[in-house]
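Shown next: work_16.cif, given as mmCIF, C-alpha atoms and all ligand atoms.
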```
data_final
loop_
_atom_site.label_atom_id
_atom_site.label_comp_id
_atom_site.auth_asym_id
_atom_site.auth_seq_id
_atom_site.Cartn_x
_atom_site.Cartn_y
_atom_site.Cartn_z
CA MET A 1 -7.36 -78.05 -27.54
CA LEU A 2 -7.92 -75.79 -30.48
CA LYS A 3 -11.30 -74.86 -29.10
CA GLN A 4 -9.80 -74.26 -25.70
CA LEU A 5 -7.30 -71.85 -27.24
CA GLU A 6 -10.05 -69.99 -29.06
CA GLU A 7 -12.18 -69.68 -25.93
CA LEU A 8 -9.23 -68.59 -23.86
CA GLN A 9 -8.40 -65.86 -26.35
CA LEU A 10 -11.96 -64.64 -26.51
CA GLU A 11 -12.24 -64.58 -22.75
CA ALA A 12 -8.95 -62.72 -22.37
CA LEU A 13 -9.91 -60.11 -24.95
CA ASN A 14 -13.25 -59.68 -23.29
CA GLU A 15 -11.63 -59.03 -19.94
CA LEU A 16 -9.12 -56.69 -21.52
CA GLY A 17 -12.01 -54.73 -22.97
CA GLN A 18 -13.35 -54.17 -19.50
CA VAL A 19 -10.11 -52.79 -18.09
CA SER A 20 -10.58 -49.04 -17.91
CA GLU A 21 -7.54 -47.89 -16.01
CA LEU A 22 -3.81 -48.33 -16.47
CA LYS A 23 -3.59 -49.92 -13.05
CA GLY A 24 -5.82 -52.83 -14.15
CA LEU A 25 -3.49 -53.89 -17.00
CA GLU A 26 -0.84 -55.58 -14.89
CA SER A 27 -3.25 -57.89 -13.12
CA TRP A 28 -4.80 -58.77 -16.48
CA ARG A 29 -1.31 -59.67 -17.79
CA VAL A 30 -0.57 -61.91 -14.80
CA ARG A 31 -3.95 -63.57 -15.14
CA CYS A 32 -3.95 -64.13 -18.92
CA LEU A 33 -0.29 -64.32 -19.86
CA GLY A 34 1.48 -65.13 -16.58
CA LYS A 35 3.05 -68.41 -15.40
CA ARG A 36 -0.20 -69.75 -14.00
CA SER A 37 -2.39 -68.64 -16.86
CA LYS A 38 -4.40 -71.07 -18.94
CA LEU A 39 -2.32 -70.15 -21.97
CA THR A 40 0.95 -71.06 -20.24
CA GLN A 41 -0.63 -74.35 -19.21
CA VAL A 42 -1.49 -75.07 -22.82
CA LEU A 43 2.04 -74.23 -23.92
CA ARG A 44 3.45 -76.50 -21.23
CA SER A 45 1.25 -79.38 -22.16
CA LEU A 46 2.54 -79.29 -25.76
CA ALA A 47 5.46 -81.48 -24.82
CA SER A 48 3.23 -84.46 -24.29
CA LEU A 49 1.60 -84.20 -27.72
CA PRO A 50 2.58 -86.13 -30.84
CA LEU A 51 4.95 -84.17 -33.11
CA GLU A 52 2.48 -83.19 -35.84
CA GLU A 53 -0.08 -81.90 -33.40
CA ARG A 54 2.60 -80.22 -31.31
CA LYS A 55 3.70 -78.23 -34.33
CA LYS A 56 0.20 -77.18 -35.27
CA ILE A 57 -1.10 -76.38 -31.81
CA GLY A 58 2.23 -74.92 -30.79
CA ALA A 59 2.11 -72.44 -33.66
CA LEU A 60 -1.47 -71.49 -32.80
CA ALA A 61 -0.78 -71.14 -29.09
CA ASN A 62 2.21 -68.93 -29.78
CA GLY A 63 0.11 -66.90 -32.19
CA THR A 64 -2.48 -66.43 -29.46
CA LYS A 65 0.22 -65.32 -27.05
CA VAL A 66 1.68 -62.82 -29.53
CA SER A 67 -1.75 -61.46 -30.41
CA LEU A 68 -2.74 -61.05 -26.74
CA GLU A 69 0.55 -59.31 -26.04
CA SER A 70 -0.01 -56.89 -28.88
CA SER A 71 -3.61 -56.28 -27.70
CA LEU A 72 -2.16 -55.48 -24.30
CA ALA A 73 0.32 -53.01 -25.80
CA GLU A 74 -2.41 -51.37 -27.82
CA LYS A 75 -4.71 -51.07 -24.85
CA LYS A 76 -1.88 -49.64 -22.80
CA LYS A 77 -1.23 -46.99 -25.41
CA PHE A 78 -4.93 -46.18 -25.61
CA LEU A 79 -5.29 -45.81 -21.84
CA GLU A 80 -2.16 -43.68 -21.62
CA GLU A 81 -3.46 -41.29 -24.24
CA ASP A 82 -6.83 -41.24 -22.54
CA HIS A 83 -5.17 -40.48 -19.23
CA LEU A 84 -3.16 -37.63 -20.74
CA ALA A 85 -6.22 -36.22 -22.50
CA SER A 86 -8.28 -36.19 -19.35
CA PHE A 87 -5.36 -34.69 -17.43
CA LEU A 88 -5.02 -31.96 -20.04
CA SER A 89 -8.71 -31.25 -20.09
CA ARG A 90 -8.63 -30.83 -16.33
CA GLU A 91 -5.59 -28.60 -16.49
CA ARG A 92 -6.78 -26.54 -19.42
CA LEU A 93 -6.74 -22.79 -18.96
CA ASP A 94 -9.48 -20.91 -20.70
CA ILE A 95 -7.88 -17.56 -21.30
CA THR A 96 -11.14 -16.11 -22.57
CA LEU A 97 -12.76 -16.42 -19.12
CA PRO A 98 -13.00 -13.16 -17.16
CA GLY A 99 -10.25 -12.96 -14.51
CA GLN A 100 -10.74 -13.15 -10.78
CA PRO A 101 -11.18 -9.58 -9.57
CA ILE A 102 -8.19 -8.54 -7.43
CA PRO A 103 -9.18 -6.05 -4.72
CA ALA A 104 -7.23 -2.96 -5.76
CA GLY A 105 -7.32 -1.12 -2.44
CA ARG A 106 -7.11 2.64 -2.28
CA LEU A 107 -5.18 5.44 -0.69
CA HIS A 108 -6.13 6.63 2.75
CA PRO A 109 -8.15 9.90 2.59
CA VAL A 110 -5.35 11.71 4.44
CA THR A 111 -2.77 10.39 1.94
CA GLN A 112 -5.01 11.52 -0.92
CA THR A 113 -5.19 15.00 0.61
CA LEU A 114 -1.41 15.10 1.16
CA GLU A 115 -0.85 14.17 -2.47
CA GLU A 116 -3.24 16.86 -3.61
CA ILE A 117 -1.59 19.54 -1.45
CA CYS A 118 1.88 18.49 -2.65
CA SER A 119 0.84 18.53 -6.29
CA ILE A 120 -0.56 22.08 -5.99
CA PHE A 121 2.71 23.35 -4.50
CA THR A 122 5.01 21.36 -6.78
CA SER A 123 3.15 22.87 -9.73
CA MET A 124 4.18 26.25 -8.31
CA GLY A 125 7.85 25.23 -8.15
CA PHE A 126 8.12 23.90 -4.58
CA GLN A 127 10.14 20.77 -3.79
CA VAL A 128 9.01 18.12 -1.29
CA ALA A 129 11.21 17.13 1.68
CA GLU A 130 10.64 14.97 4.73
CA GLY A 131 12.16 15.06 8.19
CA PRO A 132 12.40 13.07 11.43
CA ASP A 133 9.40 12.57 13.74
CA VAL A 134 11.77 12.34 16.72
CA GLU A 135 13.30 15.78 17.02
CA TRP A 136 15.65 17.80 19.23
CA ASP A 137 14.38 20.64 21.41
CA TYR A 138 16.73 22.91 19.41
CA TYR A 139 14.93 22.38 16.09
CA ASN A 140 11.40 22.11 17.46
CA PHE A 141 11.66 25.21 19.68
CA GLU A 142 14.92 27.05 20.23
CA ALA A 143 15.96 27.67 16.64
CA LEU A 144 12.40 28.85 16.00
CA ASN A 145 12.72 31.62 18.58
CA ILE A 146 11.08 29.65 21.35
CA PRO A 147 13.67 29.47 24.16
CA PRO A 148 13.06 27.27 27.26
CA GLN A 149 11.02 29.74 29.31
CA HIS A 150 9.09 31.23 26.39
CA PRO A 151 5.31 31.25 26.93
CA ALA A 152 4.79 30.06 23.32
CA ARG A 153 5.85 26.60 24.52
CA ASP A 154 2.42 26.41 26.15
CA MET A 155 0.86 26.36 22.67
CA PHE A 156 2.40 22.96 22.15
CA ALA A 157 1.56 20.13 24.54
CA THR A 158 4.82 18.29 24.01
CA LEU A 159 5.59 14.58 24.26
CA TRP A 160 9.12 14.53 25.68
CA ILE A 161 11.24 11.43 25.16
CA ASP A 162 14.57 11.85 26.97
CA TYR A 163 17.66 14.01 26.87
CA GLU A 164 21.25 13.43 25.98
CA GLU A 165 23.55 13.52 29.02
CA THR A 166 26.53 15.07 27.23
CA THR A 167 24.77 17.98 25.53
CA GLY A 168 21.76 18.32 27.81
CA GLN A 169 19.60 18.45 24.63
CA ALA A 170 16.10 17.17 25.09
CA ARG A 171 14.54 14.79 22.59
CA LEU A 172 10.82 14.96 21.80
CA LEU A 173 8.19 13.99 19.28
CA ARG A 174 7.95 17.01 16.99
CA THR A 175 4.88 19.10 17.77
CA HIS A 176 4.84 20.69 14.31
CA THR A 177 6.64 20.40 10.97
CA SER A 178 8.29 23.83 11.41
CA PRO A 179 11.62 22.34 12.68
CA MET A 180 12.18 21.26 9.09
CA GLN A 181 12.48 24.96 8.16
CA ILE A 182 15.72 25.01 10.14
CA ARG A 183 16.97 21.64 8.84
CA VAL A 184 16.34 22.71 5.23
CA MET A 185 18.01 26.12 5.68
CA GLU A 186 21.04 24.55 7.40
CA LYS A 187 21.65 22.44 4.29
CA GLU A 188 20.42 24.55 1.38
CA ARG A 189 21.23 28.11 0.34
CA PRO A 190 18.57 30.38 -1.18
CA PRO A 191 16.65 30.31 -3.42
CA ILE A 192 14.61 27.77 -1.42
CA ARG A 193 11.08 26.64 -2.13
CA MET A 194 10.19 23.65 -0.05
CA ILE A 195 7.18 21.88 1.38
CA VAL A 196 7.33 19.26 4.12
CA PRO A 197 4.45 16.85 4.72
CA GLY A 198 4.65 14.76 7.86
CA ARG A 199 3.30 13.51 11.17
CA VAL A 200 3.29 15.60 14.29
CA TYR A 201 2.42 14.73 17.89
CA ARG A 202 0.71 16.46 20.79
CA TYR A 203 0.16 15.35 24.37
CA GLU A 204 -3.57 15.86 24.27
CA ALA A 205 -6.69 13.96 25.17
CA THR A 206 -8.36 12.77 21.99
CA ASP A 207 -11.84 13.91 21.08
CA ALA A 208 -13.81 14.62 17.90
CA THR A 209 -11.41 17.39 16.86
CA HIS A 210 -8.12 16.35 18.53
CA GLU A 211 -5.76 13.46 17.96
CA SER A 212 -2.39 12.91 19.62
CA MET A 213 -0.93 12.23 16.17
CA PHE A 214 -1.93 14.12 13.04
CA TYR A 215 -0.48 15.49 9.82
CA GLN A 216 0.84 18.88 8.86
CA VAL A 217 2.35 20.36 5.73
CA GLU A 218 5.01 23.03 6.20
CA GLY A 219 6.07 25.46 3.50
CA LEU A 220 9.14 27.65 3.14
CA ALA A 221 10.29 30.07 0.45
CA ILE A 222 13.53 32.07 0.83
CA ASP A 223 14.95 34.31 -1.86
CA MET A 224 15.84 37.93 -2.59
CA ASN A 225 12.89 40.33 -2.64
CA ILE A 226 10.25 37.97 -1.29
CA THR A 227 7.45 40.03 0.26
CA LEU A 228 4.20 39.58 2.09
CA ALA A 229 2.47 39.94 -1.28
CA ASP A 230 4.17 36.71 -2.46
CA LEU A 231 3.00 34.92 0.67
CA LYS A 232 -0.55 36.15 0.18
CA GLY A 233 -0.58 35.39 -3.55
CA ILE A 234 0.73 31.83 -3.16
CA LEU A 235 -1.60 30.96 -0.30
CA PHE A 236 -4.70 32.45 -1.88
CA GLU A 237 -3.92 30.54 -5.06
CA PHE A 238 -3.51 27.37 -2.98
CA CYS A 239 -6.86 27.88 -1.20
CA HIS A 240 -8.64 28.47 -4.49
CA CYS A 241 -7.10 25.34 -6.03
CA LEU A 242 -8.16 23.23 -3.09
CA PHE A 243 -11.54 24.71 -2.21
CA GLY A 244 -12.68 26.30 -5.48
CA GLU A 245 -12.36 29.74 -7.06
CA GLU A 246 -15.50 31.14 -5.43
CA ARG A 247 -14.52 30.31 -1.87
CA LYS A 248 -13.81 33.45 0.17
CA VAL A 249 -10.41 33.53 1.90
CA ARG A 250 -9.61 35.64 4.97
CA PHE A 251 -6.13 36.87 5.76
CA ARG A 252 -5.47 38.25 9.26
CA CYS A 253 -2.68 38.97 11.71
CA ASP A 254 -1.61 36.26 14.11
CA TYR A 255 1.37 35.59 16.30
CA PHE A 256 4.02 32.88 15.92
CA PRO A 257 7.48 33.48 17.40
CA PHE A 258 9.34 32.40 14.26
CA VAL A 259 7.65 34.82 11.85
CA GLU A 260 7.23 38.59 11.74
CA PRO A 261 4.63 39.61 10.78
CA GLY A 262 2.57 36.50 11.41
CA ALA A 263 -0.72 35.68 9.73
CA GLU A 264 -3.60 33.30 9.81
CA ILE A 265 -5.65 32.18 6.84
CA ALA A 266 -9.26 31.11 7.09
CA ILE A 267 -11.79 30.07 4.48
CA GLU A 268 -15.49 30.77 4.45
CA CYS A 269 -17.34 28.04 6.37
CA SER A 270 -18.31 25.21 4.04
CA SER A 271 -21.41 24.42 6.03
CA CYS A 272 -23.10 27.83 6.53
CA HIS A 273 -21.28 29.91 3.88
CA GLY A 274 -20.42 32.62 6.37
CA ALA A 275 -23.74 32.87 8.18
CA GLY A 276 -22.43 31.14 11.34
CA CYS A 277 -23.03 27.61 12.55
CA ARG A 278 -21.72 25.01 15.00
CA LEU A 279 -18.90 23.85 12.66
CA CYS A 280 -17.34 27.35 12.56
CA SER A 281 -18.27 28.23 16.17
CA TYR A 282 -20.69 30.80 14.76
CA SER A 283 -17.87 32.88 13.26
CA GLY A 284 -18.54 32.04 9.61
CA TRP A 285 -14.84 31.21 9.09
CA LEU A 286 -12.65 28.11 9.37
CA GLU A 287 -8.95 28.57 10.13
CA ILE A 288 -6.79 26.41 7.97
CA LEU A 289 -3.22 27.61 8.28
CA GLY A 290 -0.68 29.78 10.04
CA ALA A 291 1.94 31.73 8.11
CA GLY A 292 4.25 34.71 8.12
CA MET A 293 7.51 36.28 6.98
CA VAL A 294 10.43 34.28 8.37
CA HIS A 295 11.85 36.14 11.40
CA PRO A 296 15.28 37.75 10.82
CA ASP A 297 16.65 35.98 13.93
CA VAL A 298 15.66 32.62 12.47
CA LEU A 299 17.51 33.47 9.23
CA ARG A 300 20.60 34.65 11.15
CA ARG A 301 20.68 31.41 13.11
CA VAL A 302 21.20 29.44 9.90
CA ASP A 303 23.65 31.96 8.44
CA ILE A 304 21.33 33.52 5.95
CA ASP A 305 21.70 37.31 5.88
CA PRO A 306 18.27 38.94 6.52
CA GLU A 307 19.56 42.11 4.89
CA VAL A 308 19.89 40.22 1.60
CA TYR A 309 17.29 37.51 1.79
CA SER A 310 13.73 37.30 3.01
CA GLY A 311 11.08 34.67 2.84
CA PHE A 312 7.80 33.32 4.06
CA ALA A 313 6.71 30.17 5.86
CA PHE A 314 3.38 28.51 6.45
CA GLY A 315 2.03 25.44 8.20
CA MET A 316 -1.32 23.69 7.92
CA GLY A 317 -3.16 20.79 9.48
CA VAL A 318 -4.16 18.13 6.96
CA GLU A 319 -7.06 16.17 8.48
CA ARG A 320 -9.16 19.31 8.71
CA ILE A 321 -9.34 19.48 4.91
CA PRO A 322 -11.09 16.15 4.16
CA MET A 323 -13.21 16.73 7.28
CA LEU A 324 -14.52 19.98 5.81
CA ARG A 325 -14.88 18.55 2.34
CA TYR A 326 -16.76 15.41 3.18
CA GLY A 327 -18.51 16.50 6.35
CA ILE A 328 -16.53 14.10 8.58
CA ASP A 329 -17.35 15.10 12.13
CA ASP A 330 -14.79 13.04 14.06
CA ILE A 331 -11.03 13.10 13.43
CA ARG A 332 -10.61 9.75 15.23
CA LEU A 333 -12.30 8.00 12.29
CA PHE A 334 -9.13 8.46 10.23
CA TYR A 335 -7.03 6.31 12.53
CA SER A 336 -9.48 3.74 13.84
CA ASN A 337 -8.98 1.43 10.83
CA ASP A 338 -12.65 0.88 10.15
CA LEU A 339 -12.90 -0.27 6.52
CA ARG A 340 -16.55 0.80 6.30
CA PHE A 341 -15.33 4.36 6.79
CA LEU A 342 -12.16 4.14 4.69
CA LYS A 343 -13.83 2.48 1.69
CA GLN A 344 -15.95 5.58 1.10
CA PHE A 345 -13.00 7.56 -0.25
N1 LIG B 401 3.84 25.41 13.33
C1 LIG B 401 2.64 26.14 13.60
C2 LIG B 401 1.68 25.25 14.38
O1 LIG B 401 1.81 24.08 14.40
C3 LIG B 401 1.96 26.57 12.31
C4 LIG B 401 2.75 27.61 11.57
C5 LIG B 401 2.45 28.95 11.77
C6 LIG B 401 3.76 27.27 10.72
C7 LIG B 401 3.14 29.95 11.13
C8 LIG B 401 4.47 28.26 10.02
C9 LIG B 401 4.14 29.60 10.24
O2 LIG B 401 5.46 27.98 9.16
O3 LIG B 401 4.84 30.54 9.57
O4 LIG B 401 0.80 25.78 15.01
#
```

Write out the structure in this file as structure tokens.
Amino acid sequence: MLKQLEELQLEALNELGQVSELKGLESWRVRCLGKRSKLTQVLRSLASLPLEERKKIGALANGTKVSLESSLAEKKKFLEEDHLASFLSRERLDITLPGQPIPAGRLHPVTQTLEEICSIFTSMGFQVAEGPDVEWDYYNFEALNIPPQHPARDMFATLWIDYEETTGQARLLRTHTSPMQIRVMEKERPPIRMIVPGRVYRYEATDATHESMFYQVEGLAIDMNITLADLKGILFEFCHCLFGEERKVRFRCDYFPFVEPGAEIAIECSSCHGAGCRLCSYSGWLEILGAGMVHPDVLRRVDIDPEVYSGFAFGMGVERIPMLRYGIDDIRLFYSNDLRFLKQF
């Protein structure tokens, strides 16, 4: 029986040694220490032994049981630690590894241009304001000296929305940012120096140089003693900031109903440097903005006395600028969401 106990212990320890996962421990316990195990059988059979032998073998058998139980506890502890260690090594974070690159994205070329234009004017003391895309006929036309039958309405292919029954006022998508001149002057008293970037809309077929939605930046300065020289100085400075000191700038008369006198500013063609080419329709010049001294009637309409105050206004298209700079020959590229195009800027 002694030998049997020894063998049984050896065998059990051997099997325990082969258990490599926590899950295996319970079945080992049932097999080696459970009710039907060889060890339990030995312990049960003690009763039939003579007293002396019972004592001796009993003590040994109990010793075997205790030692196997403590081996089990030890193994359990070992496997638990092992489990934790391997879990930790799997979960470990190596903070010295280079990070996953996060695609940073970029600003749309038109947004970049808007930011650049705004920063040139804010550096000259202008504030930035924004206004509604859906506008009333009054602000888009009437208050700007363009009454219902005025031929200047033909300059703007307008997208009409509806009209309000009670007032008879028509609602439209603004065709230019100029209505914000009126909105600003209704709220603020001079001195005013304001620029307004924003979207405008025209009912036009799209082609390489026309879109039904595009961006403009409007400018307005109202104060005492503002003259045409201020208008010219500010806009020449702006053109030189944006296109470089050497670029020639042309300043000529033009007509817009809400300014008097009206002007148009053009820069020397970036492609042929004034010689004449397809880009500038063989004129050597590229028009970039309209401007003028705010018409006295416009000032009167917003209760600003034209005898005391004067001012200038200007408005420019935005897409034209990156098109000239980067040689983009189709305005539709800006709004067709092609990443291959957009990622170049
Ligand atoms: N709003 C005009 C347009 O879209 C541009 C313009 C011309 C704006 C003269 C002005 C200005 O403020 O004074 O064609």

- Query: Quick one: residues within 12 Å of Glu268 of chain A, all atoms listed in the file counted, chain neighbours fewer than 5 positions away excluded, as a VMD selection string?
  - Reply: chain A and resid 239 to 240 243 to 251 273 to 277 279 to 280 282 to 288 324

- Task: Please provide the set of residues having any atom within 8 Å of segment 327-338 of chain A, restricted to only C-alpha atoms, with same-chain residues fewer than 2 positions apart removed, written as number ranges by chain.
- Result: A: 109-110, 206-211, 319, 322-325, 340-342

Cut-off 6 Å: closest chain A/ligand LIG 401 (chain B) atom pairs per residue, using only C-alpha atoms and all ligand atoms, as a tab-separated table:
```
residue	atom	partner	partner_atom	distance
A:His176	CA	B:LIG401	O1	4.5
A:Ser178	CA	B:LIG401	N1	5.1
A:Glu218	CA	B:LIG401	O2	5.8
A:Phe256	CA	B:LIG401	C7	5.7
A:Val259	CA	B:LIG401	O3	5.6
A:Gly290	CA	B:LIG401	C5	3.7
A:Ala291	CA	B:LIG401	O3	3.5
A:Gly292	CA	B:LIG401	O3	4.5
A:Ala313	CA	B:LIG401	O2	4.2
A:Phe314	CA	B:LIG401	O2	3.5
A:Gly315	CA	B:LIG401	C6	3.6
```

- Message: I need the residue nearest Cys32 of chain A from this list: A:Glu186, A:Leu10, A:Leu51, A:Thr227. Use all atoms listed in the file for the distance.
- Response: A:Leu10

- Distance of atom CA of Thr177 of chain A from atom CA of Glu130 of chain A, expressed in Å to one decimal place: 9.2 Å

- Task: Excluding Cys118 of chain A and residues on its chain fewer than 3 positions from it, collect all residues at most 9 Å away from it, counting only C-alpha atoms, and give them as a PyMOL selection string.
- Result: chain A and resi 113-115+121-123+126-128+195-197+217

- Students should find that atom CA of Glu74 of chain A and atom CA of Ser37 of chain A are spaced 20.5 Å

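When all atoms listed in the file are used to compute distances to Leu22 of chain A, the closest of the residues A:Leu220, A:Phe78, A:Leu5, A:Lys56 turns out to be A:Phe78.
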
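The two atoms in question, atom CA of Tyr215 of chain A and atom CA of Pro148 of chain A, are spaced 25.0 Å apart.
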
- Residue nearest Thr167 of chain A among A:Cys272, A:Arg31, A:Ala143, A:Trp136 (counting all atoms listed in the file): A:Trp136

- Item | Polymer residues at most 7 Å from Arg252 of chain A, all atoms listed in the file, same-chain spacing of 6 or more positions, as a VMD selection string | chain A and resid 263 to 265
